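Quick look at coords37.csv (CSV, C-alpha atoms):
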chain,number,residue,atom,x,y,z
A,1013,MET,CA,17.9,108.1,80.2
A,1014,ARG,CA,14.8,108.4,82.2
A,1015,LYS,CA,12.2,111.0,81.6
A,1016,ARG,CA,10.0,112.5,84.3
A,1017,GLY,CA,7.8,115.2,83.0
A,1018,ASP,CA,10.0,117.8,81.4
A,1019,ILE,CA,13.1,116.9,83.5
A,1020,ARG,CA,15.8,114.5,82.1
A,1021,ILE,CA,18.0,112.7,84.6
A,1022,GLY,CA,21.2,110.7,83.7
A,1023,ALA,CA,24.7,110.7,82.4
A,1024,ILE,CA,25.6,113.4,80.0
A,1025,GLU,CA,29.2,112.1,79.2
A,1026,GLU,CA,31.4,109.2,80.0
A,1027,ILE,CA,34.9,110.0,81.4
A,1028,THR,CA,37.8,107.6,81.2
A,1029,VAL,CA,40.1,108.0,84.2
A,1030,THR,CA,43.7,106.9,83.8
A,1031,GLY,CA,45.2,105.7,87.1
A,1032,VAL,CA,48.5,106.8,88.4
A,1033,ASP,CA,50.8,103.8,88.7
A,1034,ALA,CA,54.4,102.9,89.3
A,1035,LYS,CA,56.3,100.0,90.9
A,1036,ILE,CA,59.5,99.1,92.6
A,1037,THR,CA,61.6,96.1,91.6
A,1038,ASP,CA,65.1,94.7,92.1
A,1039,PHE,CA,65.3,95.1,95.9
A,1040,ALA,CA,68.8,94.3,97.0
A,1041,VAL,CA,71.1,94.6,100.0
A,1042,THR,CA,74.4,96.0,98.6
A,1043,GLY,CA,76.5,95.6,101.6
A,1044,ASN,CA,77.1,96.0,105.3
A,1045,VAL,CA,77.9,99.3,107.0
A,1046,PRO,CA,80.5,100.0,109.7
A,1047,GLU,CA,79.8,101.3,113.1
A,1048,ASP,CA,81.4,104.7,113.8
A,1049,ALA,CA,81.7,105.2,110.1
A,1050,SER,CA,83.9,107.9,108.6
A,1051,ALA,CA,81.7,108.2,105.5
A,1052,TYR,CA,78.3,107.1,104.1
A,1053,TYR,CA,78.2,103.5,102.9
A,1054,GLN,CA,75.6,102.2,100.6
A,1055,PHE,CA,73.6,99.3,102.0
A,1056,TYR,CA,70.4,99.0,99.9
A,1057,LYS,CA,69.1,99.6,96.4
A,1058,CYS,CA,66.0,99.2,94.3
A,1059,LYS,CA,64.5,100.3,91.0
A,1060,VAL,CA,61.5,102.6,90.5
A,1061,HIS,CA,59.6,102.2,87.3
A,1062,ALA,CA,57.3,105.1,86.3
A,1063,ASP,CA,54.3,103.7,84.6
A,1064,SER,CA,52.0,106.7,85.0
A,1065,SER,CA,51.0,108.8,82.0
A,1066,LEU,CA,51.7,111.9,84.2
A,1067,ASP,CA,55.3,112.9,84.7
A,1068,LEU,CA,55.5,112.7,88.5
A,1069,GLU,CA,58.1,112.8,91.2
A,1070,TYR,CA,58.3,109.6,93.3
A,1071,ARG,CA,59.6,108.9,96.7
A,1072,VAL,CA,60.8,105.6,98.2
A,1073,ARG,CA,60.7,105.0,101.9
A,1074,ILE,CA,62.2,102.1,103.8
A,1075,SER,CA,61.5,100.8,107.3
A,1076,ILE,CA,64.5,99.4,109.1
A,1077,SER,CA,64.2,97.3,112.2
A,1078,PRO,CA,65.7,97.9,114.6
A,1079,SER,CA,66.0,101.6,113.5
A,1080,LEU,CA,69.5,102.7,112.5
A,1081,SER,CA,70.8,106.1,113.4
A,1082,GLY,CA,72.6,107.7,110.5
A,1083,ALA,CA,70.8,105.7,107.9
A,1084,GLU,CA,68.9,107.2,104.9
A,1085,THR,CA,65.3,106.0,104.9
A,1086,THR,CA,63.7,108.3,102.3
A,1087,LYS,CA,64.9,109.1,98.8
A,1088,THR,CA,63.1,111.0,96.0
A,1089,THR,CA,63.5,110.3,92.4
A,1090,GLY,CA,63.0,113.7,90.9
A,1091,LYS,CA,60.4,114.0,88.1
A,1092,MET,CA,60.2,110.8,86.0
A,1093,THR,CA,58.7,110.5,82.6
A,1094,HIS,CA,56.4,107.6,81.6
A,1095,GLY,CA,58.2,104.4,81.0
A,1096,THR,CA,61.5,105.3,82.6
A,1097,THR,CA,63.3,103.5,85.4
A,1098,LYS,CA,65.6,104.9,88.1
A,1099,GLU,CA,67.8,103.1,90.5
A,1100,ILE,CA,67.5,104.3,94.1
A,1101,THR,CA,70.2,103.7,96.7
A,1102,PHE,CA,70.3,104.1,100.4
A,1103,SER,CA,73.4,104.8,102.5
A,1104,ALA,CA,74.2,105.0,106.1
A,1105,LYS,CA,76.9,106.6,108.3
A,1106,PRO,CA,76.2,105.0,111.7
A,1107,PRO,CA,77.7,106.7,114.8
A,1108,ASP,CA,79.6,104.9,117.5
A,1109,LEU,CA,76.9,102.5,118.8
A,1110,GLY,CA,79.1,100.7,121.4
A,1111,LEU,CA,78.5,97.4,119.7
A,1112,THR,CA,80.2,94.3,121.1
A,1113,GLY,CA,79.6,92.4,117.9
A,1114,ASP,CA,78.0,92.9,114.5
A,1115,ARG,CA,74.3,93.8,114.7
A,1116,THR,CA,71.7,92.7,112.1
A,1117,HIS,CA,69.1,95.1,110.8
A,1118,THR,CA,66.2,94.2,108.6
A,1119,ILE,CA,64.4,96.3,105.9
A,1120,THR,CA,60.9,95.3,106.8
A,1121,ALA,CA,58.9,97.4,104.3
A,1122,VAL,CA,59.4,99.6,101.3
A,1123,TYR,CA,56.9,102.3,100.3
A,1124,LEU,CA,56.4,104.0,97.0
A,1125,ASP,CA,54.8,107.4,97.1
A,1126,ALA,CA,54.0,109.9,94.3
A,1127,LYS,CA,53.8,113.6,94.6
A,1128,ASP,CA,50.5,115.3,93.8
A,1129,PRO,CA,51.5,118.0,91.4
A,1130,ARG,CA,48.5,120.2,92.4
A,1131,THR,CA,49.0,120.1,96.2
A,1132,GLY,CA,52.6,118.9,96.6
A,1133,ALA,CA,51.4,116.2,99.0
A,1134,TRP,CA,52.9,112.7,98.9
A,1135,VAL,CA,50.4,110.0,98.1
A,1136,ASN,CA,51.2,106.4,98.8
A,1137,LEU,CA,50.9,104.2,95.7
A,1138,ARG,CA,52.3,100.9,96.9
A,1139,SER,CA,53.8,99.1,99.9
A,1140,TYR,CA,56.1,96.1,99.8
A,1141,SER,CA,56.6,93.8,102.7
A,1142,ARG,CA,60.3,92.8,102.7
A,1143,SER,CA,62.8,90.9,104.9
A,1144,ASP,CA,66.1,92.1,103.6
A,1145,THR,CA,68.9,92.0,106.2
A,1146,PHE,CA,72.3,93.7,106.5
A,1147,LYS,CA,74.7,94.2,109.3
A,1148,VAL,CA,76.2,97.1,111.1
A,1149,GLU,CA,79.7,95.8,111.6
A,1150,LYS,CA,81.4,96.4,115.0
A,1151,LYS,CA,84.0,99.1,114.6
A,1152,VAL,CA,87.7,98.2,114.3
A,1153,THR,CA,90.0,99.5,117.0
A,1154,CYS,CA,93.8,99.6,117.2
A,1155,GLY,CA,94.2,96.9,119.8
A,1156,ALA,CA,91.4,94.5,119.2
A,1157,ALA,CA,91.3,91.7,116.7
A,1158,THR,CA,89.6,92.5,113.4
A,1159,PRO,CA,87.9,89.9,111.1
A,1160,HIS,CA,91.1,89.4,109.2
A,1161,TYR,CA,94.0,90.8,111.2
A,1162,SER,CA,95.3,90.3,114.7
A,1163,ASN,CA,94.5,93.9,115.5
A,1164,GLY,CA,93.7,97.3,113.9
A,1165,CYS,CA,97.3,98.3,113.9
A,1166,GLU,CA,98.3,95.3,111.9
A,1167,LEU,CA,95.5,96.1,109.5
A,1168,LEU,CA,96.9,99.6,109.0
A,1169,LYS,CA,100.4,98.5,108.7
A,1170,HIS,CA,99.4,96.1,105.9
A,1171,TYR,CA,98.2,99.1,103.7
A,1172,ALA,CA,100.7,101.7,104.9
A,1173,ASN,CA,103.9,102.4,103.0
A,1174,ASP,CA,107.4,102.0,104.5
A,1175,GLN,CA,107.2,105.5,106.0
A,1176,CYS,CA,104.0,104.4,107.9
A,1177,GLU,CA,101.9,106.7,105.7
A,1178,LEU,CA,98.6,105.5,104.3
A,1179,ASP,CA,98.8,107.0,100.8
A,1180,ASP,CA,96.4,106.8,97.9
A,1181,SER,CA,97.8,103.5,96.7
A,1182,GLY,CA,97.3,102.0,100.1
A,1183,MET,CA,93.7,103.2,100.2
A,1184,PHE,CA,93.0,101.9,96.7
A,1185,ALA,CA,94.5,98.5,97.7
A,1186,ALA,CA,92.1,98.4,100.7
A,1187,THR,CA,89.0,99.2,98.6
A,1188,ARG,CA,90.1,96.6,96.0
A,1189,ASP,CA,90.5,94.0,98.7
A,1190,TYR,CA,87.0,94.9,100.0
A,1191,ASN,CA,85.5,94.5,96.5
A,1192,ASN,CA,87.3,91.1,96.3
A,1193,GLY,CA,85.9,90.0,99.6
A,1194,ILE,CA,89.3,90.0,101.3
A,1195,ILE,CA,88.4,92.5,104.0
A,1196,THR,CA,85.2,93.8,105.5
A,1197,ILE,CA,83.6,97.3,105.3
A,1198,ALA,CA,84.6,98.0,108.9
A,1199,GLU,CA,88.2,97.2,108.0
A,1200,VAL,CA,88.0,99.5,105.0
A,1201,ASP,CA,86.5,102.3,107.1
A,1202,PHE,CA,89.3,102.0,109.6
A,1203,VAL,CA,91.9,102.2,106.8
A,1204,ALA,CA,90.0,105.2,105.4
A,1205,LYS,CA,90.3,107.0,108.8
A,1206,ALA,CA,94.1,106.9,108.4
A,1207,TRP,CA,94.1,107.8,104.7
A,1208,GLY,CA,96.6,110.6,104.0
A,1209,LYS,CA,98.1,110.4,107.5
A,1210,ASP,CA,100.8,108.7,109.4
A,1211,ILE,CA,99.1,105.6,110.9
A,1212,ASN,CA,100.7,106.4,114.2
A,1213,THR,CA,98.4,109.3,114.5
A,1214,LEU,CA,95.5,106.9,114.6
A,1215,CYS,CA,97.3,104.1,116.5
A,1216,ALA,CA,100.1,105.4,118.6
A,1217,ASN,CA,103.4,103.5,118.5
A,1218,CYS,CA,102.0,101.2,115.9
A,1219,CYS,CA,104.5,101.5,113.1
A,1220,THR,CA,108.3,102.2,112.8
A,1221,PRO,CA,109.2,103.9,109.6
A,1222,ALA,CA,112.0,102.4,107.5
A,1223,PRO,CA,115.2,104.3,107.2
A,1224,LYS,CA,115.2,106.4,104.0
A,1225,GLY,CA,118.0,108.4,102.4
A,1226,ARG,CA,119.5,109.7,99.3
A,1227,ILE,CA,122.8,110.6,97.8
A,1228,CYS,CA,123.0,114.4,97.8
A,1229,GLU,CA,125.2,116.7,95.8
A,1230,GLU,CA,127.8,118.1,98.1
A,1231,HIS,CA,130.5,115.4,97.8
A,1232,ASP,CA,134.1,115.7,98.9
A,1233,ILE,CA,136.1,114.3,96.0
A,1234,PRO,CA,139.5,115.6,94.9
A,1235,ASP,CA,139.8,116.4,91.3
A,1236,THR,CA,143.2,114.8,90.9
A,1237,ALA,CA,145.2,112.1,92.6
A,1238,LYS,CA,148.6,110.6,92.2
A,1239,ALA,CA,149.3,106.9,91.9
A,1240,GLY,CA,150.9,105.6,95.0
A,1241,THR,CA,149.1,108.0,97.3
A,1242,SER,CA,145.8,107.7,99.2
A,1243,ILE,CA,142.8,110.0,99.0
A,1244,ASN,CA,139.5,110.3,101.0
A,1245,ILE,CA,136.3,110.3,99.0
A,1246,GLY,CA,133.4,111.8,100.9
A,1247,VAL,CA,129.9,110.9,99.7
A,1248,CYS,CA,127.1,113.3,100.6
A,1249,VAL,CA,124.2,111.5,102.2
A,1250,GLU,CA,120.9,113.0,103.3
A,1251,ASN,CA,118.5,111.4,105.8
A,1252,THR,CA,115.1,111.9,104.1
A,1253,GLY,CA,113.3,109.5,106.4
A,1254,LYS,CA,111.5,110.0,109.7
A,1255,ILE,CA,114.0,108.3,112.0
A,1256,LYS,CA,117.7,108.6,112.8
A,1257,ALA,CA,119.4,105.8,111.0
A,1258,ASN,CA,122.8,104.2,110.1
A,1259,TYR,CA,123.9,104.6,106.6
A,1260,TRP,CA,126.9,103.3,104.6
A,1261,VAL,CA,128.1,103.5,101.1
A,1262,ASP,CA,129.8,101.3,98.5
A,1263,VAL,CA,132.0,103.3,96.3
A,1264,LYS,CA,133.0,101.8,93.0
A,1265,ILE,CA,136.0,103.3,91.3
A,1266,SER,CA,136.6,102.4,87.7
A,1267,GLY,CA,139.0,103.6,85.0
A,1268,PRO,CA,141.5,102.4,82.5
A,1269,GLY,CA,142.2,98.7,83.3
A,1270,TYR,CA,141.1,99.2,86.9
A,1271,SER,CA,138.1,98.7,89.1
A,1272,THR,CA,137.7,98.5,92.8
A,1273,THR,CA,134.8,98.8,95.3
A,1274,LEU,CA,135.3,100.3,98.7
A,1275,THR,CA,132.8,100.0,101.6
A,1276,SER,CA,132.5,102.7,104.2
A,1277,ALA,CA,131.9,102.3,107.9
A,1278,LYS,CA,128.3,102.9,109.1
A,1279,LYS,CA,127.4,106.4,110.1
A,1280,SER,CA,124.4,107.6,112.0
A,1281,ILE,CA,122.6,110.6,110.5
A,1282,ASP,CA,119.8,112.6,112.1
A,1283,VAL,CA,116.5,113.1,110.4
A,1284,GLY,CA,116.6,115.8,107.7
A,1285,LYS,CA,120.4,116.2,108.0
A,1286,LYS,CA,123.1,115.8,105.4
A,1287,ASP,CA,126.5,114.4,106.2
A,1288,LYS,CA,129.5,112.9,104.3
A,1289,ILE,CA,130.5,109.3,104.5
A,1290,TYR,CA,134.1,108.7,103.7
A,1291,VAL,CA,136.0,105.9,102.1
A,1292,ARG,CA,139.8,105.8,101.7
A,1293,TRP,CA,141.2,105.0,98.3
A,1294,ASP,CA,144.8,103.8,98.2
A,1295,LEU,CA,145.8,104.3,94.6
A,1296,PRO,CA,148.1,101.5,93.4
A,1297,LEU,CA,151.6,102.6,92.5
A,1298,ASN,CA,151.1,101.3,89.0
A,1299,LEU,CA,147.8,102.9,88.4
A,1300,GLN,CA,147.6,104.2,84.8
A,1301,SER,CA,147.0,107.8,83.9
A,1302,GLY,CA,143.3,108.3,83.3
A,1303,THR,CA,140.0,109.5,84.4
A,1304,TYR,CA,138.4,107.3,87.1
A,1305,THR,CA,134.7,107.4,87.6
A,1306,ILE,CA,133.3,107.3,91.1
A,1307,ASP,CA,129.9,105.5,91.6
A,1308,ALA,CA,128.3,105.4,94.9
A,1309,THR,CA,125.5,103.1,96.3
A,1310,LEU,CA,123.8,104.1,99.5
A,1311,TYR,CA,122.5,101.6,102.0
A,1312,ALA,CA,120.6,102.0,105.2
B,824,MET,CA,120.2,96.3,104.5
B,825,ALA,CA,118.2,98.2,102.0
B,826,LYS,CA,119.6,100.0,99.0
B,827,GLN,CA,118.5,103.6,99.1
B,828,ASP,CA,120.2,105.3,96.1
B,829,GLU,CA,122.8,104.8,93.5
B,830,GLN,CA,124.5,107.3,91.2
B,831,THR,CA,127.8,108.5,89.7
B,832,ILE,CA,129.1,111.1,92.0
B,833,GLY,CA,132.3,112.3,90.4
B,834,LYS,CA,135.6,111.7,88.6
B,835,VAL,CA,139.2,111.6,89.7
B,836,HIS,CA,142.0,112.4,87.2
B,837,THR,CA,145.4,110.8,87.7
B,838,GLY,CA,148.8,111.2,86.1
B,839,PHE,CA,148.7,112.6,82.6
B,840,CYS,CA,145.0,113.4,82.9
B,841,SER,CA,145.6,115.4,86.1
B,842,PHE,CA,148.4,117.3,84.3
B,843,VAL,CA,146.3,118.3,81.3
B,844,GLN,CA,142.9,118.8,82.8
B,845,ASP,CA,143.1,122.5,82.8
B,846,LEU,CA,144.5,122.9,79.3
B,847,PRO,CA,141.2,123.5,77.6
B,848,SER,CA,140.3,126.4,80.0
B,849,ASN,CA,143.9,127.6,80.6
B,850,PRO,CA,146.0,126.8,77.5
B,851,SER,CA,149.7,126.6,78.3
B,852,SER,CA,152.4,125.9,75.7
B,853,GLU,CA,154.8,125.3,78.5
B,854,LYS,CA,152.8,122.2,79.5
B,855,LEU,CA,152.9,120.9,75.9
B,856,LYS,CA,156.6,121.4,75.8
B,857,ASP,CA,157.0,119.5,79.1
B,858,LEU,CA,154.9,116.6,77.7
B,859,VAL,CA,157.1,116.4,74.6
B,860,LEU,CA,160.2,116.4,76.9
B,861,ALA,CA,158.6,113.7,79.1
B,862,TYR,CA,157.7,111.6,76.0
B,863,ASN,CA,161.3,111.8,74.9
B,864,GLY,CA,162.6,110.8,78.3
B,865,ILE,CA,164.2,114.1,79.0
B,866,LYS,CA,162.0,115.3,81.8
B,867,ASP,CA,160.2,113.3,84.5
B,868,LEU,CA,156.7,114.6,85.2
B,869,GLY,CA,155.8,111.7,87.6
B,870,PHE,CA,153.8,109.8,85.0
B,871,ASP,CA,154.3,108.0,81.7
B,872,VAL,CA,153.6,109.6,78.4
B,873,PRO,CA,153.6,106.3,76.5
B,874,THR,CA,152.5,107.3,73.0
B,875,LYS,CA,152.4,110.2,70.6
B,876,ASP,CA,148.6,110.2,70.9
B,877,TYR,CA,149.0,111.6,74.4
B,878,ILE,CA,150.8,114.6,72.9
B,879,LYS,CA,148.3,114.9,70.1
B,880,GLY,CA,145.5,114.7,72.6
B,881,ALA,CA,147.1,117.4,74.8
B,882,VAL,CA,147.3,119.6,71.7
B,883,GLU,CA,143.6,119.1,71.1
B,884,TYR,CA,142.9,120.1,74.7
B,885,TYR,CA,145.1,123.1,74.2
B,886,LYS,CA,143.0,124.0,71.2
B,887,GLY,CA,139.8,123.5,73.2
B,888,ASN,CA,138.8,120.4,71.3
B,889,VAL,CA,137.9,118.4,74.4
B,890,ASP,CA,136.1,115.5,72.7
B,891,LYS,CA,139.0,115.0,70.3
B,892,GLY,CA,141.4,115.0,73.1
B,893,ASP,CA,139.4,112.5,75.0
B,894,GLU,CA,139.5,110.2,71.9
B,895,LEU,CA,143.2,110.2,71.9
B,896,THR,CA,143.9,109.9,75.6
B,897,PRO,CA,142.6,107.9,78.6
B,898,CYS,CA,141.1,111.1,80.0
B,899,ALA,CA,137.4,111.9,80.1
B,900,PHE,CA,136.8,115.6,80.4
B,901,GLY,CA,134.1,116.0,77.8
B,902,ASP,CA,131.2,114.7,79.9
B,903,SER,CA,132.3,115.8,83.3
Would you kindly transcribe this structure into structure tokens?
Amino acid sequence: MRKRGDIRIGAIEEITVTGVDAKITDFAVTGNVPEDASAYYQFYKCKVHADSSLDLEYRVRISISPSLSGAETTKTTGKMTHGTTKEITFSAKPPDLGLTGDRTHTITAVYLDAKDPRTGAWVNLRSYSRSDTFKVEKKVTCGAATPHYSNGCELLKHYANDQCELDDSGMFAATRDYNNGIITIAEVDFVAKAWGKDINTLCANCCTPAPKGRICEEHDIPDTAKAGTSINIGVCVENTGKIKANYWVDVKISGPGYSTTLTSAKKSIDVGKKDKIYVRWDLPLNLQSGTYTIDATLYA
Amino acid sequence: MAKQDEQTIGKVHTGFCSFVQDLPSNPSSEKLKDLVLAYNGIKDLGFDVPTKDYIKGAVEYYKGNVDKGDELTPCAFGDS
């Protein structure tokens, strides 16, 4: 301390300033994204480590080159306490870009900002130069070849059920195949567009549903019959499918010391309709007294 | 060809079973008498009554004991 006359000049106290600090690690591309996407797909992630003694909110920004419409480029962490880590992910739902092939994008820089609790202003803490690439995959269409199928229709048919519907199990199978590297994200997204629908609504005339039917309850079966006579047995059949189809039945008759199977002629039944399909049973003259059970098997 | 469905759709009663099927719900001593006559070869009902068990079974049906009747005869009314 210097002394000049009666005036003292110099430090009166030393103040230790603790800097605000945080960092980003584990930068990683998590996957490609599809063009004309039906949902957001994650493509990038990283981890924010809060090393500041202050509990602050952080923000991560990424620069994508070329820029990508529909992509998240800023994510905030919420308030983080000292010593904690948070994973940040970025997703994208690109629009129809008219791509003729897959397009590569690069994450060229990642920025870490902290929010000044007094002013609310974001202050840049760190910048990372990166070169992490991912692709926007060209959208799948009904008629054009996909990476793994001859066309989009064939892709949908692979995951649809026999009624041409893409149900939950078909969608789960597609996502499982994507996770196993069997199909691409663009293919998964195309399947997702048909999820819960008849795939023909997405790709017209793509799929023909299989005939489907059941044995209904309103049969035409006489209670009793005499040996040496003939009776007609009518089996109630309902078309529960989506197309008119031909059905036939095998009728097995079994009783005391006797068993026979009769096959009907084919009968065409309209969608949603019930009809009876008949077989003729010629009871042998020497048929024993008894109760004969009638079992029917329906084919289409 | 694809199998769509399979189930038991009904039963057909023949001969003796056809004759006695309504005994549990509509007891008729005349039917029992006819069965005895048929068993003894006096009356032709159009079917054989080969053993006394058929008569005993018919009596059980007459009394409403369907399961016991089914045990004694080739009929199966109990689970229909």
| said: I'd like the contact shell of Glu894 of chain B - 12 Å cut-off, only C-alpha atoms, skipping same-chain residues fewer than 2 positions apart - returned as a PyMOL selection string. | reply: chain B and resi 876-877+879-881+883-884+888-892+896-901
| message | Using all atoms listed in the file, I'd like every residue of chain A that has an atom within 10 Å of chain B; please write them out as a PyMOL selection string. | response | chain A and resi 1222-1239+1245-1249+1259-1268+1295+1298-1312
| Between atom CA of Thr1272 of chain A and atom CA of Ser1242 of chain A, what is the spacing in Å? |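 Interatomic distance, atom CA of Ser1242 of chain A to atom CA of Thr1272 of chain A: 13.8 Å.
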| task | Give as a PyMOL selection string the set of residues within 8 Å of the point (140.9, 106.3, 100.5), where distances use the file's coordinates and all atoms listed in the file. | result | chain A and resi 1242-1245+1290-1295
| Which residue gives the smallest distance to Val1203 of chain A among A:Gly1031, A:Gly1253, A:Pro1046, A:Gly1113, with only C-alpha atoms counted? | A:Pro1046
